[in-house]
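First comes the structure, then the notes that go with it.
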Amino acid sequence: MTHTLHRTGDLSSLQKDYVVLVMSCRGFNDAGATPKLVEALQILAKFDPINLGDMKTGSIWARDYNFKRIMESATDTSVFHGVYRDVGTVKKVVKALKEADLGMSVVVSGLYDEVSAMSREIGVKPHTVFASIGVWGKTKLLPERGEVLDIITMCGHGMVSRYLVTKLAKDVQTRKISSDEAARTMAKCCTCGIFNVERCKELIESLTRKQ
Amino acid sequence: MLLEISKSICVGCTQCIPWCPVAAISMTKEKKAIIDQGKCVECWVCYKIFQCPVNAMQPAELVFPKDLMWNFAVPTKDWVTTRMAGRGTEEVKTNEVTGRVRWGEVGLALDFGRPGISTLFEDIEKVFMALAAVGVHFEKENPLNALFDENKGTLKDGRLRTVRALQPIIECKFNIDQLEIVLRALQDATKKINTVVSVGLASRVRVDGTIPLFETLDRMGIQYKPNMKINLGLGRPLSPERVHEKVD
């Protein structure tokens with residue numbers, strides 16, 4: 001489950017891309033964890049996330065899904081995600097989670113220097129990091145570095161097709177759909193709700209300008 | 001369920017083609033969409049998310065090895081072996097509780113075929129063998145690792161070599177003083193594969209926020225991305241090592 005790692009992009013774009021994840025730990029604190037996880041989900045939802053979801057069931061962008069259904073489907077092993085646009089909001093979310101003292105694991109995916117500084121300000125000490133050292137092997141198979149790669153790496157399970165990105169960008173360019181519709185369409189593919197719809201919209205607009 | 005497209009129902013609209021992350025759908029001369037079963041990784045994006053307007057996508061019985069591929073591709077599906085969803089373990093997401101990666105250790109996760117390429121198991125085997133040869137400790141709960149002989153690094157079932165999956169993950173760990181040896185072995189092995197691997201390294205964080213792993217990477221000239229996954233240490237109960245550290 002390295003799904004929130006390996007997101008590509010330039011620094012200014014990544015500054016608008018943070019995922020907060022809350023989960024129990026199987027065999028240690030998962031028994032009876034549902035109410036704690038639901039409380040965590042409510043905290044994630046309170047700070048206007050761009051995306052919200054449970055890896056086990058689905059996200060707010062999935063077909064026929066919404067916050068109420070995500071909450072009702074919560075289990076002891078739910079893995080909840082909220083996506084945010086800035087580290088300032090993440091700070092508020094983490095502070096609220098810390099104060100709630102749920103005993104659930106909290107992981108933030110984003111720029112380390114910003115998350116580390118934010119954590120220190122609220123008395124939280126990062127415990128472990130997972131860092132990407134890039135893509136190795138036959139890298140000529142990848143799309144060129146740029147918007148397409150930045151969009152598809154926002155779904156760590158590989159569900160957002162590069163061909164769909166290109167197709168929807170063309171549809172935006174020919175004004176068949178808006179960039180917002182394109183981003184929402186792609187977000188449906190990302191089951192667990194870590195896809196940053198706002199960032200995707202900006203990347204699609206940038207791609208459309210180039211095309 | 002194995003997905004097939006019914007020739008009698010398909011109207012040849014081509015709408016499903018771009019939705020496939022691995023380009024497994026194409027058009028026949030008769031202008032009907034067809035799924036290349038050698039490329040298809042059973043992610044179900046075409047079936048569940050796109051939703052064919054005339055319902056030409058037909059699910060059929062999923063038998064070995066397609067059932068395995070489906071498990072690797074669908075994040076919500078629990079593994080029978082580990083009772084966990086997803087392609088790997090909780091890795092460092094719950095590390096403050098499990099103590100999976102301890103002081104002086106490095107965790108390594110290799111996402112094969114990521115982003116969006118997919119992989120044959122024969123390519124995973126090449127890397128698995130290289131890692132086994134340098135003595136890493138493979139993660140017991142990882143569903144991919146369970147398919148390999150961890151001493152030799154070979155697949156237990158040779159039939160899997162020609163099977164394709166979306167993004168399976170090798171997870172292992174080793175002492176930080178082995179980092180250079182492991183990464184050199186990985187560099188050599190990944191030159192021989194016909195896919196890509198997204199490489200992730202896990203490490204504990206010092207109290208001052210610095211990360212010991214990066215000092216070795218800097219020395220080796222290996223760059224790391226500025227965006228990372230950061231476990232904030234809020235889970236309870238803390239692993240014994242962490243409690244000990246707090247006492248110190």
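Residue numbers start at 1 in each chain; chains themselves are named A, B, ... in the order of the structure tokens; ligands are numbered from 1 in the order shown.
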Excluding Val94 (chain A) and any residue of its chain fewer than 3 positions from it, enumerate the residues within 10 Å of it, using only C-alpha atoms, and give them as an NGL selection string.
-> (:A and (20 or 43-44 or 89-91 or 97-100 or 106-108 or 118-119 or 122 or 124)) or (:B and (232 or 234))
Could you write out that same residue set with N, CA and C atoms as a PDB file, in the first residue's frame?
ATOM      1  N   VAL A  20      -4.069  13.314   3.713  1.00  0.00           N
ATOM      2  CA  VAL A  20      -4.029  12.876   5.113  1.00  0.00           C
ATOM      3  C   VAL A  20      -4.756  11.538   5.196  1.00  0.00           C
ATOM      4  N   ILE A  43     -13.538  14.580  11.246  1.00  0.00           N
ATOM      5  CA  ILE A  43     -12.522  15.648  11.311  1.00  0.00           C
ATOM      6  C   ILE A  43     -11.985  15.937   9.902  1.00  0.00           C
ATOM      7  N   LEU A  44     -11.687  14.880   9.156  1.00  0.00           N
ATOM      8  CA  LEU A  44     -11.188  15.074   7.782  1.00  0.00           C
ATOM      9  C   LEU A  44     -12.197  15.870   6.956  1.00  0.00           C
ATOM     10  N   THR A  89      -4.038  24.083   5.990  1.00  0.00           N
ATOM     11  CA  THR A  89      -5.249  23.305   6.298  1.00  0.00           C
ATOM     12  C   THR A  89      -4.859  21.958   6.917  1.00  0.00           C
ATOM     13  N   VAL A  90      -3.809  21.357   6.383  1.00  0.00           N
ATOM     14  CA  VAL A  90      -3.345  20.074   6.931  1.00  0.00           C
ATOM     15  C   VAL A  90      -2.970  20.248   8.410  1.00  0.00           C
ATOM     16  N   LYS A  91      -2.378  21.375   8.705  1.00  0.00           N
ATOM     17  CA  LYS A  91      -2.006  21.655  10.103  1.00  0.00           C
ATOM     18  C   LYS A  91      -3.249  21.652  11.010  1.00  0.00           C
ATOM     19  N   LEU A  97      -6.903  16.114  14.935  1.00  0.00           N
ATOM     20  CA  LEU A  97      -6.744  14.663  15.138  1.00  0.00           C
ATOM     21  C   LEU A  97      -5.919  14.389  16.392  1.00  0.00           C
ATOM     22  N   LYS A  98      -4.906  15.199  16.598  1.00  0.00           N
ATOM     23  CA  LYS A  98      -4.063  15.027  17.797  1.00  0.00           C
ATOM     24  C   LYS A  98      -4.893  15.283  19.060  1.00  0.00           C
ATOM     25  N   GLU A  99      -5.669  16.350  19.037  1.00  0.00           N
ATOM     26  CA  GLU A  99      -6.488  16.700  20.208  1.00  0.00           C
ATOM     27  C   GLU A  99      -7.561  15.645  20.479  1.00  0.00           C
ATOM     28  N   ALA A 100      -8.054  15.016  19.405  1.00  0.00           N
ATOM     29  CA  ALA A 100      -9.074  13.964  19.573  1.00  0.00           C
ATOM     30  C   ALA A 100      -8.473  12.714  20.220  1.00  0.00           C
ATOM     31  N   VAL A 106      -1.818   8.254  11.834  1.00  0.00           N
ATOM     32  CA  VAL A 106      -2.072   9.367  10.921  1.00  0.00           C
ATOM     33  C   VAL A 106      -0.832   9.543  10.040  1.00  0.00           C
ATOM     34  N   VAL A 107      -1.065   9.557   8.745  1.00  0.00           N
ATOM     35  CA  VAL A 107       0.029   9.704   7.783  1.00  0.00           C
ATOM     36  C   VAL A 107      -0.295  10.877   6.861  1.00  0.00           C
ATOM     37  N   VAL A 108       0.679  11.754   6.676  1.00  0.00           N
ATOM     38  CA  VAL A 108       0.502  12.854   5.727  1.00  0.00           C
ATOM     39  C   VAL A 108       1.440  12.621   4.553  1.00  0.00           C
ATOM     40  N   MET A 118       5.378  22.127   9.983  1.00  0.00           N
ATOM     41  CA  MET A 118       4.016  22.256  10.499  1.00  0.00           C
ATOM     42  C   MET A 118       3.825  21.378  11.735  1.00  0.00           C
ATOM     43  N   SER A 119       4.359  20.166  11.669  1.00  0.00           N
ATOM     44  CA  SER A 119       4.206  19.219  12.780  1.00  0.00           C
ATOM     45  C   SER A 119       4.862  19.762  14.045  1.00  0.00           C
ATOM     46  N   ILE A 122       2.897  22.214  16.090  1.00  0.00           N
ATOM     47  CA  ILE A 122       1.760  21.739  16.893  1.00  0.00           C
ATOM     48  C   ILE A 122       2.169  20.580  17.821  1.00  0.00           C
ATOM     49  N   VAL A 124       3.942  17.765  17.225  1.00  0.00           N
ATOM     50  CA  VAL A 124       3.908  16.395  16.690  1.00  0.00           C
ATOM     51  C   VAL A 124       5.275  16.088  16.069  1.00  0.00           C
TER      52      VAL A 124
ATOM     53  N   LEU B 232       3.050  10.290  11.388  1.00  0.00           N
ATOM     54  CA  LEU B 232       3.208  11.302  12.429  1.00  0.00           C
ATOM     55  C   LEU B 232       3.296  10.735  13.849  1.00  0.00           C
ATOM     56  N   LEU B 234       1.132   9.099  15.795  1.00  0.00           N
ATOM     57  CA  LEU B 234      -0.008   9.299  16.712  1.00  0.00           C
ATOM     58  C   LEU B 234      -0.738   7.999  17.081  1.00  0.00           C
TER      59      LEU B 234
END
With a distance threshold of 6 Å and counting only C-alpha atoms, extract the residues of chain A near chain B and express them as a VMD selection string.
-> chain A and resid 1 25 56 103 to 112 126 to 139 158 161 163 to 164
If you run DSSP over the backbone, which residues in region 50-135 of chain B end up helix (DSSP H, G or I)? Put them as a PyMOL selection string.
-> chain B and resi 50+66-73+91-98+121-133
Preceding selection exported with N, CA and C atoms as an mmCIF file, in the first residue's frame:
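Below is the file out.cif, written as the result:
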data_model
loop_
_atom_site.group_PDB
_atom_site.id
_atom_site.type_symbol
_atom_site.label_atom_id
_atom_site.label_comp_id
_atom_site.auth_asym_id
_atom_site.auth_seq_id
_atom_site.Cartn_x
_atom_site.Cartn_y
_atom_site.Cartn_z
ATOM 1 N N PHE B 50 -16.177 3.047 -16.403
ATOM 2 C CA PHE B 50 -16.668 3.558 -17.687
ATOM 3 C C PHE B 50 -18.136 3.191 -17.890
ATOM 4 N N LYS B 66 -6.108 -15.425 -13.671
ATOM 5 C CA LYS B 66 -6.846 -14.159 -13.723
ATOM 6 C C LYS B 66 -7.345 -13.722 -12.346
ATOM 7 N N ASP B 67 -7.657 -14.698 -11.490
ATOM 8 C CA ASP B 67 -8.127 -14.355 -10.151
ATOM 9 C C ASP B 67 -7.025 -13.636 -9.365
ATOM 10 N N LEU B 68 -5.799 -14.087 -9.589
ATOM 11 C CA LEU B 68 -4.643 -13.490 -8.922
ATOM 12 C C LEU B 68 -4.433 -12.052 -9.431
ATOM 13 N N MET B 69 -4.541 -11.883 -10.736
ATOM 14 C CA MET B 69 -4.350 -10.560 -11.336
ATOM 15 C C MET B 69 -5.394 -9.574 -10.817
ATOM 16 N N TRP B 70 -6.603 -10.059 -10.673
ATOM 17 C CA TRP B 70 -7.705 -9.232 -10.173
ATOM 18 C C TRP B 70 -7.387 -8.746 -8.747
ATOM 19 N N ASN B 71 -6.847 -9.651 -7.940
ATOM 20 C CA ASN B 71 -6.514 -9.300 -6.563
ATOM 21 C C ASN B 71 -5.414 -8.228 -6.506
ATOM 22 N N PHE B 72 -4.458 -8.313 -7.429
ATOM 23 C CA PHE B 72 -3.399 -7.304 -7.454
ATOM 24 C C PHE B 72 -3.911 -5.957 -7.949
ATOM 25 N N ALA B 73 -4.951 -5.972 -8.783
ATOM 26 C CA ALA B 73 -5.394 -4.730 -9.427
ATOM 27 C C ALA B 73 -6.497 -3.993 -8.682
ATOM 28 N N GLU B 91 2.821 -1.344 5.725
ATOM 29 C CA GLU B 91 4.201 -0.809 5.715
ATOM 30 C C GLU B 91 4.402 0.263 6.788
ATOM 31 N N VAL B 92 4.872 1.466 6.446
ATOM 32 C CA VAL B 92 5.186 2.421 7.514
ATOM 33 C C VAL B 92 3.965 3.216 7.988
ATOM 34 N N LYS B 93 2.827 2.957 7.399
ATOM 35 C CA LYS B 93 1.650 3.733 7.785
ATOM 36 C C LYS B 93 1.281 3.507 9.253
ATOM 37 N N THR B 94 1.622 2.339 9.770
ATOM 38 C CA THR B 94 1.341 2.067 11.190
ATOM 39 C C THR B 94 2.645 1.720 11.928
ATOM 40 N N ASN B 95 3.740 2.241 11.447
ATOM 41 C CA ASN B 95 5.050 1.814 11.960
ATOM 42 C C ASN B 95 5.277 2.162 13.427
ATOM 43 N N GLU B 96 4.625 3.240 13.900
ATOM 44 C CA GLU B 96 4.809 3.603 15.310
ATOM 45 C C GLU B 96 4.203 2.525 16.217
ATOM 46 N N VAL B 97 3.261 1.749 15.681
ATOM 47 C CA VAL B 97 2.602 0.685 16.454
ATOM 48 C C VAL B 97 3.287 -0.674 16.213
ATOM 49 N N THR B 98 3.581 -0.974 14.968
ATOM 50 C CA THR B 98 4.139 -2.305 14.642
ATOM 51 C C THR B 98 5.642 -2.387 14.841
ATOM 52 N N PHE B 121 5.400 -11.341 -14.410
ATOM 53 C CA PHE B 121 6.032 -11.882 -13.207
ATOM 54 C C PHE B 121 7.485 -12.279 -13.462
ATOM 55 N N GLU B 122 7.850 -12.575 -14.698
ATOM 56 C CA GLU B 122 9.248 -12.935 -14.971
ATOM 57 C C GLU B 122 10.177 -11.749 -14.697
ATOM 58 N N ASP B 123 9.672 -10.534 -14.880
ATOM 59 C CA ASP B 123 10.487 -9.357 -14.565
ATOM 60 C C ASP B 123 10.625 -9.175 -13.052
ATOM 61 N N ILE B 124 9.553 -9.470 -12.338
ATOM 62 C CA ILE B 124 9.626 -9.384 -10.870
ATOM 63 C C ILE B 124 10.644 -10.403 -10.362
ATOM 64 N N GLU B 125 10.627 -11.580 -10.960
ATOM 65 C CA GLU B 125 11.530 -12.655 -10.526
ATOM 66 C C GLU B 125 13.006 -12.248 -10.661
ATOM 67 N N LYS B 126 13.327 -11.549 -11.733
ATOM 68 C CA LYS B 126 14.721 -11.113 -11.933
ATOM 69 C C LYS B 126 15.183 -10.237 -10.767
ATOM 70 N N VAL B 127 14.310 -9.343 -10.348
ATOM 71 C CA VAL B 127 14.669 -8.437 -9.255
ATOM 72 C C VAL B 127 14.638 -9.177 -7.915
ATOM 73 N N PHE B 128 13.654 -10.045 -7.756
ATOM 74 C CA PHE B 128 13.535 -10.817 -6.508
ATOM 75 C C PHE B 128 14.817 -11.624 -6.272
ATOM 76 N N MET B 129 15.309 -12.242 -7.336
ATOM 77 C CA MET B 129 16.524 -13.058 -7.217
ATOM 78 C C MET B 129 17.722 -12.189 -6.818
ATOM 79 N N ALA B 130 17.805 -10.998 -7.404
ATOM 80 C CA ALA B 130 18.918 -10.093 -7.086
ATOM 81 C C ALA B 130 18.870 -9.662 -5.620
ATOM 82 N N LEU B 131 17.656 -9.418 -5.120
ATOM 83 C CA LEU B 131 17.517 -9.003 -3.717
ATOM 84 C C LEU B 131 17.798 -10.169 -2.770
ATOM 85 N N ALA B 132 17.324 -11.357 -3.145
ATOM 86 C CA ALA B 132 17.582 -12.545 -2.308
ATOM 87 C C ALA B 132 19.091 -12.792 -2.198
ATOM 88 N N ALA B 133 19.799 -12.531 -3.286
ATOM 89 C CA ALA B 133 21.243 -12.784 -3.302
ATOM 90 C C ALA B 133 22.017 -11.857 -2.362
#
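Nearest to Ala45 (chain A) of all the residues A:His157, A:Lys68, A:Arg162, A:Arg145 is A:Lys68, based on only C-alpha atoms.
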Write out as a PyMOL selection string which residues come within 12 Å of region 198-206 of chain A when counting only C-alpha atoms, dropping same-chain ones fewer than 6 positions away.
-> chain A and resi 7-10+12-18+49-51+83-86+146-155+160+164-173+175+177-187
Counting only C-alpha atoms, figure out which residue out of B:Thr162, B:Arg219, B:Cys10, B:Asp149 gets nearest to Asn55 (chain B).
-> B:Cys10
Would you mind listing what lies within 7 Å of Val79 (chain A) as a list in words, with only C-alpha atoms counted and same-chain residues fewer than 3 positions away left out?
->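 In the requested format, the answer is Leu21, Val22, Met23, Asp54, Met55 and Lys56 of chain A.
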Within 12 Å of Arg159 (chain B) using only C-alpha atoms, minus same-chain residues under 5 positions, as an MDAnalysis selection string | chainID B and resid 64:65 120:122 147 154 164
Take the residues from that selection and put them in a file with N, CA and C atoms, as an mmCIF file, in the first residue's frame.
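Result file follows (result_32.cif):
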data_model
loop_
_atom_site.group_PDB
_atom_site.id
_atom_site.type_symbol
_atom_site.label_atom_id
_atom_site.label_comp_id
_atom_site.auth_asym_id
_atom_site.auth_seq_id
_atom_site.Cartn_x
_atom_site.Cartn_y
_atom_site.Cartn_z
ATOM 1 N N PHE B 64 -7.655 -19.171 -12.376
ATOM 2 C CA PHE B 64 -6.217 -18.938 -12.292
ATOM 3 C C PHE B 64 -5.623 -18.770 -13.684
ATOM 4 N N PRO B 65 -4.764 -17.794 -13.942
ATOM 5 C CA PRO B 65 -4.211 -16.821 -12.996
ATOM 6 C C PRO B 65 -4.974 -15.495 -12.958
ATOM 7 N N LEU B 120 5.176 -8.240 -16.197
ATOM 8 C CA LEU B 120 5.142 -9.705 -16.205
ATOM 9 C C LEU B 120 5.834 -10.192 -14.930
ATOM 10 N N PHE B 121 5.400 -11.341 -14.410
ATOM 11 C CA PHE B 121 6.032 -11.882 -13.207
ATOM 12 C C PHE B 121 7.485 -12.279 -13.462
ATOM 13 N N GLU B 122 7.850 -12.575 -14.698
ATOM 14 C CA GLU B 122 9.248 -12.935 -14.971
ATOM 15 C C GLU B 122 10.177 -11.749 -14.697
ATOM 16 N N LEU B 147 4.435 -15.566 -3.140
ATOM 17 C CA LEU B 147 4.513 -16.362 -4.379
ATOM 18 C C LEU B 147 5.943 -16.786 -4.719
ATOM 19 N N THR B 154 13.140 -17.298 -6.611
ATOM 20 C CA THR B 154 12.413 -17.785 -7.791
ATOM 21 C C THR B 154 10.921 -17.957 -7.483
ATOM 22 N N ARG B 164 0.669 -11.331 -16.486
ATOM 23 C CA ARG B 164 0.832 -9.883 -16.328
ATOM 24 C C ARG B 164 -0.057 -9.376 -15.194
#
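Among the residues of region 178-232 of chain B, backbone DSSP assigns strand (DSSP E) to B:Val196, B:Val197, B:Ser198, B:Val199, B:Gly200, B:Leu201, B:Ala202, B:Ser203, B:Arg204, B:Asn227, B:Met228, B:Lys229, B:Ile230, B:Asn231.
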Atom-to-atom span, CA of Val163 (chain B) and CA of Ala146 (chain B), Å | 16.0 Å
Figure out the distance between CA of Arg120 (chain A) and CA of Val19 (chain A), please, to one decimal in Å.
->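 The value is 18.3 Å.
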Would you mind telling me which residue in B:Phe138, B:Leu3, B:Thr119, B:Glu180 lies nearest to Ala60 (chain B) when using only C-alpha atoms?
-> B:Leu3
Distance of CA of Thr191 (chain A) from CA of Thr208 (chain A), expressed in Å to one decimal place |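 One can read the CA of Thr208 (chain A) to CA of Thr191 (chain A) distance as 25.7 Å.
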